[in-house]
Amino acid sequence: MPVVIASIVEGHGEEVALRVLLSTILSAIGSGIYPVISKPFRVPWGMLVNAPGELERYSEMAIKEGGPTAKLMVVLDADDSCPAELGTQLLQRIQSRFPDNPSSVIVANREYETWFIASSESIAHHVGSDAAFQIPSNIEEIRNPKEWLERNVLNRRYKETDDQAAFSSAIDVSLARSRSHSFNRFCREVERLLTD
């Protein structure tokens with residue numbers, strides 16, 4: 001039976017981008033396991049975090065669609081929350097309801113786009129930019145990652161629904177892992193889900 005990764009995301013861009021990013025990570029990891037990656041369910045951040053029962057309801061839908069061996073992955077932005085606390089809190093809710101399905105909650109610190117900053121050189125190459133930029137020592141403290149990308153790499157407006165999937169295919173996984181704790185954790189969780 002194939003490994004199935006069912007997922008929940010919060011944004012329109014991630015509906016396509018997460019599957020691309022998972023494929024990029026899987027290719028870099030080279031595990032030899034090629035899971036079926038189901039189309040993510042999109043649920044707004046506030047509903048996932050604050051609406052009683054919604055995370056559980058959508059988790060059940062995603063697992064049901066993925067089948068009995070589905071492994072659940074929830075990916076969302078931390079924004080101003082503590083990624084570790086938020087991720088632990090949401091994961092406990094899922095595990096208490098679905099103890100037999102391996103699951104993971106990945107919280108990007110601060111946003112999904114922070115992972116692109118962690119791989120700025122490959123994103124710049126992808127868009128044909130020759131802009132000179134300096135990457136901050138702690139990229140996860142950048143308050144507005146989209147604006148940083150616009151100003152330093154793109155020299156144009158960042159469009160989530162257009163750019164997220166394209167940049168997810170261009171990300172240098174090794175480089176991003178070395179610069180972003182939350183991206184490195186994401187990659188470790190992908191590896192864990194493949195073998196759980």
# chains A, B, ... in the order shown; residues from 1 in each chain; ligands from 1
$ closest_atom_pairs --of "region 19-57 of chain A" --to "region 158-181 of chain A" --cutoff "7 Å" --atoms "only C-alpha atoms" --output "tab-separated table"
residue	atom	partner	partner_atom	distance
A:Val20	CA	A:Ser169	CA	5.9
A:Leu21	CA	A:Ser168	CA	4.8
A:Thr24	CA	A:Ser169	CA	5.8
A:Ile25	CA	A:Val173	CA	6.4
A:Ala28	CA	A:Val173	CA	6.6
$ residues_around --residues "Leu154 (chain A)" --least-positions-apart "3" --cutoff "12 Å" --atoms "only C-alpha atoms" --output "compact mmCIF listing (two decimals) with all heavy atoms, in the first residue's frame"
# COMPACT_ATOMS: atom_id res chain seq x y z
N PHE A 116 11.73 30.88 1.79
CA PHE A 116 12.31 31.38 0.54
C PHE A 116 13.50 32.29 0.82
O PHE A 116 14.49 32.28 0.09
CB PHE A 116 11.27 32.12 -0.30
CG PHE A 116 10.09 31.28 -0.71
CD1 PHE A 116 8.84 31.84 -0.84
CD2 PHE A 116 10.23 29.93 -0.98
CE1 PHE A 116 7.74 31.08 -1.22
CE2 PHE A 116 9.14 29.15 -1.36
CZ PHE A 116 7.89 29.73 -1.49
N ILE A 117 13.39 33.10 1.88
CA ILE A 117 14.52 33.96 2.25
C ILE A 117 15.72 33.08 2.61
O ILE A 117 16.86 33.42 2.31
CB ILE A 117 14.13 34.90 3.41
CG1 ILE A 117 13.02 35.86 2.98
CG2 ILE A 117 15.36 35.69 3.90
CD1 ILE A 117 12.47 36.73 4.09
N SER A 120 17.49 32.42 -0.59
CA SER A 120 17.38 33.61 -1.44
C SER A 120 18.15 33.50 -2.75
O SER A 120 17.68 33.94 -3.80
CB SER A 120 17.87 34.85 -0.69
OG SER A 120 17.07 35.11 0.41
N GLU A 121 19.35 32.91 -2.68
CA GLU A 121 20.17 32.83 -3.89
C GLU A 121 19.47 32.01 -4.98
O GLU A 121 19.48 32.39 -6.15
CB GLU A 121 21.53 32.21 -3.56
CG GLU A 121 22.38 33.04 -2.61
CD GLU A 121 22.14 32.72 -1.14
OE1 GLU A 121 21.08 32.16 -0.80
OE2 GLU A 121 23.03 33.05 -0.33
N SER A 122 18.86 30.89 -4.59
CA SER A 122 18.21 30.06 -5.60
C SER A 122 16.92 30.72 -6.11
O SER A 122 16.57 30.58 -7.28
CB SER A 122 17.92 28.66 -5.06
OG SER A 122 17.03 28.70 -3.98
N ILE A 123 16.25 31.48 -5.25
CA ILE A 123 15.05 32.20 -5.69
C ILE A 123 15.46 33.32 -6.66
O ILE A 123 14.82 33.51 -7.71
CB ILE A 123 14.28 32.78 -4.48
CG1 ILE A 123 13.88 31.68 -3.49
CG2 ILE A 123 13.07 33.59 -4.94
CD1 ILE A 123 13.07 30.55 -4.06
N ALA A 124 16.53 34.04 -6.33
CA ALA A 124 17.02 35.10 -7.22
C ALA A 124 17.40 34.52 -8.58
O ALA A 124 17.06 35.08 -9.63
CB ALA A 124 18.21 35.81 -6.59
N HIS A 125 18.08 33.38 -8.56
CA HIS A 125 18.46 32.72 -9.82
C HIS A 125 17.21 32.33 -10.61
O HIS A 125 17.15 32.51 -11.83
CB HIS A 125 19.32 31.49 -9.52
CG HIS A 125 19.72 30.73 -10.75
ND1 HIS A 125 20.70 31.17 -11.60
CD2 HIS A 125 19.24 29.58 -11.27
CE1 HIS A 125 20.81 30.32 -12.61
NE2 HIS A 125 19.94 29.34 -12.43
N HIS A 126 16.20 31.81 -9.91
CA HIS A 126 14.96 31.37 -10.56
C HIS A 126 14.27 32.53 -11.28
O HIS A 126 13.74 32.34 -12.38
CB HIS A 126 14.02 30.75 -9.53
CG HIS A 126 12.71 30.34 -10.09
ND1 HIS A 126 12.54 29.18 -10.82
CD2 HIS A 126 11.49 30.94 -10.06
CE1 HIS A 126 11.28 29.08 -11.20
NE2 HIS A 126 10.62 30.13 -10.75
N VAL A 127 14.26 33.70 -10.67
CA VAL A 127 13.56 34.85 -11.28
C VAL A 127 14.48 35.69 -12.17
O VAL A 127 14.07 36.71 -12.71
CB VAL A 127 12.88 35.76 -10.21
CG1 VAL A 127 11.83 34.98 -9.45
CG2 VAL A 127 13.90 36.38 -9.27
N GLY A 128 15.74 35.26 -12.33
CA GLY A 128 16.67 35.98 -13.18
C GLY A 128 17.13 37.31 -12.59
O GLY A 128 17.48 38.23 -13.32
N SER A 129 17.13 37.39 -11.26
CA SER A 129 17.53 38.63 -10.60
C SER A 129 19.03 38.63 -10.34
O SER A 129 19.59 37.63 -9.92
CB SER A 129 16.77 38.78 -9.28
OG SER A 129 17.31 39.84 -8.52
N ASP A 130 19.66 39.78 -10.59
CA ASP A 130 21.07 39.92 -10.24
C ASP A 130 21.24 40.93 -9.11
O ASP A 130 22.29 41.52 -8.93
CB ASP A 130 21.90 40.33 -11.46
CG ASP A 130 21.41 41.64 -12.08
OD1 ASP A 130 20.45 42.24 -11.55
OD2 ASP A 130 22.00 42.07 -13.09
N ALA A 131 20.16 41.12 -8.33
CA ALA A 131 20.19 42.06 -7.22
C ALA A 131 21.22 41.62 -6.18
O ALA A 131 21.37 40.42 -5.91
CB ALA A 131 18.80 42.16 -6.57
N ALA A 132 21.92 42.58 -5.63
CA ALA A 132 22.87 42.30 -4.55
C ALA A 132 22.12 42.47 -3.23
O ALA A 132 21.50 43.50 -3.00
CB ALA A 132 24.05 43.25 -4.62
N PHE A 133 22.14 41.45 -2.41
CA PHE A 133 21.44 41.54 -1.14
C PHE A 133 22.24 40.80 -0.08
O PHE A 133 23.03 39.91 -0.38
CB PHE A 133 20.02 40.97 -1.22
CG PHE A 133 19.94 39.60 -1.81
CD1 PHE A 133 20.15 38.46 -1.03
CD2 PHE A 133 19.66 39.42 -3.15
CE1 PHE A 133 20.08 37.19 -1.58
CE2 PHE A 133 19.58 38.15 -3.71
CZ PHE A 133 19.80 37.03 -2.93
N LYS A 146 7.44 38.66 3.03
CA LYS A 146 7.02 38.96 1.65
C LYS A 146 7.62 40.29 1.20
O LYS A 146 8.14 40.42 0.09
CB LYS A 146 5.49 39.02 1.55
CG LYS A 146 4.80 37.70 1.80
CD LYS A 146 3.29 37.86 1.71
CE LYS A 146 2.54 36.58 2.03
NZ LYS A 146 2.50 36.26 3.46
N GLU A 147 7.55 41.28 2.07
CA GLU A 147 8.10 42.60 1.75
C GLU A 147 9.62 42.52 1.57
O GLU A 147 10.19 43.16 0.68
CB GLU A 147 7.75 43.59 2.86
CG GLU A 147 8.21 45.01 2.60
CD GLU A 147 7.86 45.91 3.78
OE1 GLU A 147 6.72 46.42 3.79
OE2 GLU A 147 8.72 46.07 4.67
N TRP A 148 10.30 41.71 2.39
CA TRP A 148 11.75 41.55 2.27
C TRP A 148 12.10 40.98 0.90
O TRP A 148 13.02 41.44 0.23
CB TRP A 148 12.29 40.65 3.38
CG TRP A 148 13.78 40.65 3.48
CD1 TRP A 148 14.56 41.43 4.29
CD2 TRP A 148 14.70 39.86 2.71
NE1 TRP A 148 15.90 41.17 4.08
CE2 TRP A 148 16.01 40.20 3.10
CE3 TRP A 148 14.54 38.89 1.72
CZ2 TRP A 148 17.15 39.61 2.56
CZ3 TRP A 148 15.68 38.30 1.17
CH2 TRP A 148 16.97 38.65 1.59
N LEU A 149 11.36 39.96 0.48
CA LEU A 149 11.59 39.36 -0.84
C LEU A 149 11.37 40.38 -1.95
O LEU A 149 12.16 40.46 -2.89
CB LEU A 149 10.68 38.16 -1.05
CG LEU A 149 11.03 36.88 -0.29
CD1 LEU A 149 9.86 35.89 -0.33
CD2 LEU A 149 12.30 36.24 -0.84
N GLU A 150 10.29 41.14 -1.84
CA GLU A 150 9.99 42.16 -2.86
C GLU A 150 11.12 43.17 -2.99
O GLU A 150 11.57 43.51 -4.08
CB GLU A 150 8.69 42.89 -2.50
CG GLU A 150 7.44 42.05 -2.65
CD GLU A 150 6.19 42.74 -2.12
OE1 GLU A 150 6.30 43.78 -1.44
OE2 GLU A 150 5.10 42.22 -2.38
N ARG A 151 11.59 43.65 -1.85
CA ARG A 151 12.58 44.73 -1.82
C ARG A 151 13.98 44.24 -2.18
O ARG A 151 14.73 44.94 -2.86
CB ARG A 151 12.56 45.36 -0.42
CG ARG A 151 13.31 46.66 -0.30
CD ARG A 151 13.16 47.30 1.08
NE ARG A 151 13.67 46.45 2.15
CZ ARG A 151 12.92 45.84 3.05
NH1 ARG A 151 11.61 45.98 3.05
NH2 ARG A 151 13.48 45.08 3.99
N ARG A 157 6.29 43.17 -7.02
CA ARG A 157 5.34 42.71 -6.02
C ARG A 157 5.34 41.17 -5.95
O ARG A 157 5.37 40.51 -6.99
CB ARG A 157 3.94 43.23 -6.36
CG ARG A 157 2.90 42.96 -5.30
CD ARG A 157 1.60 43.65 -5.68
NE ARG A 157 0.53 43.19 -4.84
CZ ARG A 157 0.21 43.71 -3.67
NH1 ARG A 157 0.87 44.75 -3.23
NH2 ARG A 157 -0.80 43.23 -2.96
N TYR A 158 5.32 40.64 -4.76
CA TYR A 158 5.22 39.20 -4.54
C TYR A 158 3.75 38.79 -4.65
O TYR A 158 2.88 39.41 -4.04
CB TYR A 158 5.76 38.85 -3.15
CG TYR A 158 5.57 37.41 -2.74
CD1 TYR A 158 6.46 36.43 -3.15
CD2 TYR A 158 4.50 37.03 -1.93
CE1 TYR A 158 6.30 35.10 -2.78
CE2 TYR A 158 4.33 35.71 -1.55
CZ TYR A 158 5.23 34.75 -1.97
OH TYR A 158 5.05 33.45 -1.59
N LYS A 159 3.48 37.77 -5.46
CA LYS A 159 2.10 37.29 -5.63
C LYS A 159 2.03 35.86 -5.13
O LYS A 159 2.53 34.94 -5.77
CB LYS A 159 1.70 37.36 -7.11
CG LYS A 159 1.69 38.77 -7.65
CD LYS A 159 1.37 38.77 -9.13
CE LYS A 159 1.50 40.17 -9.69
NZ LYS A 159 1.46 40.18 -11.14
N ASP A 163 3.64 32.96 -7.11
CA ASP A 163 5.04 32.76 -6.75
C ASP A 163 5.31 31.59 -5.82
O ASP A 163 6.38 30.98 -5.88
CB ASP A 163 5.61 34.03 -6.10
CG ASP A 163 5.74 35.18 -7.10
OD1 ASP A 163 5.96 34.91 -8.29
OD2 ASP A 163 5.61 36.34 -6.68
N PHE A 167 8.48 29.19 -6.46
CA PHE A 167 9.62 29.31 -5.56
C PHE A 167 9.83 28.02 -4.76
O PHE A 167 10.95 27.68 -4.40
CB PHE A 167 9.45 30.49 -4.61
CG PHE A 167 9.46 31.84 -5.30
CD1 PHE A 167 9.23 33.00 -4.58
CD2 PHE A 167 9.68 31.96 -6.67
CE1 PHE A 167 9.23 34.24 -5.20
CE2 PHE A 167 9.68 33.20 -7.30
CZ PHE A 167 9.46 34.35 -6.56
$ residues_around --residues "Glu15 (chain A)" --least-positions-apart "5" --cutoff "7 Å" --atoms "only C-alpha atoms" --output "list in words"
Val9, Pro40 and Arg42 of chain A
$ atom_distance --atom1 "CA of Leu193 (chain A)" --atom2 "CA of Ser81 (chain A)"
24.7 Å
$ closest_residue --among "A:His12, A:Ser59, A:Asp80, A:Phe186" --to "Ser96 (chain A)" --atoms "only C-alpha atoms"
A:Ser59
$ residues_around --residues "Gln92 (chain A)" --least-positions-apart "2" --cutoff "12 Å" --atoms "only C-alpha atoms" --output "PDB file with N, CA and C atoms, in the first residue's frame"
ATOM      1  N   LEU A  55     -10.271  22.176  13.549  1.00  0.00           N
ATOM      2  CA  LEU A  55      -9.040  21.452  13.219  1.00  0.00           C
ATOM      3  C   LEU A  55      -9.323  19.950  13.170  1.00  0.00           C
ATOM      4  N   GLU A  56     -10.056  19.473  14.147  1.00  0.00           N
ATOM      5  CA  GLU A  56     -10.389  18.047  14.203  1.00  0.00           C
ATOM      6  C   GLU A  56     -11.290  17.635  13.032  1.00  0.00           C
ATOM      7  N   GLU A  85       5.072  26.385  20.671  1.00  0.00           N
ATOM      8  CA  GLU A  85       3.855  26.269  21.483  1.00  0.00           C
ATOM      9  C   GLU A  85       2.638  25.995  20.612  1.00  0.00           C
ATOM     10  N   LEU A  86       2.515  26.741  19.513  1.00  0.00           N
ATOM     11  CA  LEU A  86       1.362  26.574  18.632  1.00  0.00           C
ATOM     12  C   LEU A  86       1.352  25.175  18.016  1.00  0.00           C
ATOM     13  N   GLY A  87       2.504  24.731  17.532  1.00  0.00           N
ATOM     14  CA  GLY A  87       2.590  23.410  16.918  1.00  0.00           C
ATOM     15  C   GLY A  87       2.255  22.298  17.892  1.00  0.00           C
ATOM     16  N   THR A  88       2.782  22.388  19.106  1.00  0.00           N
ATOM     17  CA  THR A  88       2.517  21.370  20.127  1.00  0.00           C
ATOM     18  C   THR A  88       1.037  21.328  20.481  1.00  0.00           C
ATOM     19  N   GLN A  89       0.453  22.492  20.650  1.00  0.00           N
ATOM     20  CA  GLN A  89      -0.963  22.596  21.010  1.00  0.00           C
ATOM     21  C   GLN A  89      -1.859  21.950  19.944  1.00  0.00           C
ATOM     22  N   LEU A  90      -1.605  22.274  18.675  1.00  0.00           N
ATOM     23  CA  LEU A  90      -2.422  21.727  17.595  1.00  0.00           C
ATOM     24  C   LEU A  90      -2.188  20.228  17.414  1.00  0.00           C
ATOM     25  N   ILE A  94      -4.881  16.948  17.515  1.00  0.00           N
ATOM     26  CA  ILE A  94      -5.024  15.957  16.450  1.00  0.00           C
ATOM     27  C   ILE A  94      -4.775  14.548  16.984  1.00  0.00           C
ATOM     28  N   GLN A  95      -3.700  14.386  17.751  1.00  0.00           N
ATOM     29  CA  GLN A  95      -3.334  13.049  18.236  1.00  0.00           C
ATOM     30  C   GLN A  95      -4.349  12.482  19.215  1.00  0.00           C
ATOM     31  N   SER A  96      -4.993  13.361  19.973  1.00  0.00           N
ATOM     32  CA  SER A  96      -5.995  12.854  20.914  1.00  0.00           C
ATOM     33  C   SER A  96      -7.218  12.323  20.166  1.00  0.00           C
ATOM     34  N   ARG A  97      -7.472  12.873  18.990  1.00  0.00           N
ATOM     35  CA  ARG A  97      -8.633  12.446  18.201  1.00  0.00           C
ATOM     36  C   ARG A  97      -8.285  11.321  17.227  1.00  0.00           C
ATOM     37  N   PHE A  98      -7.058  11.326  16.692  1.00  0.00           N
ATOM     38  CA  PHE A  98      -6.654  10.332  15.685  1.00  0.00           C
ATOM     39  C   PHE A  98      -5.322   9.683  16.084  1.00  0.00           C
ATOM     40  N   PRO A  99      -5.329   8.903  17.170  1.00  0.00           N
ATOM     41  CA  PRO A  99      -4.065   8.348  17.672  1.00  0.00           C
ATOM     42  C   PRO A  99      -3.406   7.326  16.735  1.00  0.00           C
ATOM     43  N   PRO A 102      -0.278   8.633  11.981  1.00  0.00           N
ATOM     44  CA  PRO A 102       0.870   9.504  12.207  1.00  0.00           C
ATOM     45  C   PRO A 102       0.553  10.914  11.707  1.00  0.00           C
ATOM     46  N   SER A 103       0.857  11.911  12.517  1.00  0.00           N
ATOM     47  CA  SER A 103       0.570  13.287  12.129  1.00  0.00           C
ATOM     48  C   SER A 103       1.695  14.217  12.521  1.00  0.00           C
ATOM     49  N   SER A 104       1.674  15.369  11.878  1.00  0.00           N
ATOM     50  CA  SER A 104       2.688  16.375  12.120  1.00  0.00           C
ATOM     51  C   SER A 104       2.087  17.757  11.903  1.00  0.00           C
ATOM     52  N   VAL A 105       2.490  18.691  12.740  1.00  0.00           N
ATOM     53  CA  VAL A 105       2.088  20.085  12.558  1.00  0.00           C
ATOM     54  C   VAL A 105       3.364  20.892  12.363  1.00  0.00           C
TER      55      VAL A 105
END
$ select_by_dssp --residues "chain A" --states "strand (DSSP E or B)" --output "list in words"
Val4, Ile5, Ala6, Ser7, Ile8, Val9, Val36, Ile37, Phe41, Arg42, Lys71, Leu72, Met73, Val74, Val75, Leu76, Asp77, Ser103, Ser104, Val105, Ile106, Val107 and Ala108 of chain A
$ select_by_dssp --residues "chain A" --states "helix (DSSP H, G or I)" --output "ChimeraX atom specification"
/A:12-29,45-50,54-66,83-97,114-117,120-127,139-141,145-154,160-170,173-179,181-195
$ atom_distance --atom1 "CA of Gln134 (chain A)" --atom2 "CA of Asn184 (chain A)"
21.1 Å
$ residues_around --residues "Ile8 (chain A)" --least-positions-apart "3" --cutoff "8 Å" --atoms "only C-alpha atoms" --output "list of chain:residue names"
A:Pro40, A:Phe41, A:Arg42, A:Val43, A:Tyr58, A:Ser59, A:Ala62, A:Leu72, A:Met73, A:Val74, A:Val75
$ atom_distance --atom1 "CA of Leu76 (chain A)" --atom2 "CA of Tyr112 (chain A)"
7.5 Å
$ closest_residue --among "A:Ala84, A:Val49, A:Ile29, A:Ala118" --to "Val153 (chain A)" --atoms "only C-alpha atoms"
A:Ala118
$ closest_residue --among "A:Trp115, A:Phe183, A:Tyr34, A:Trp45" --to "Ile142 (chain A)" --atoms "only C-alpha atoms"
A:Trp115
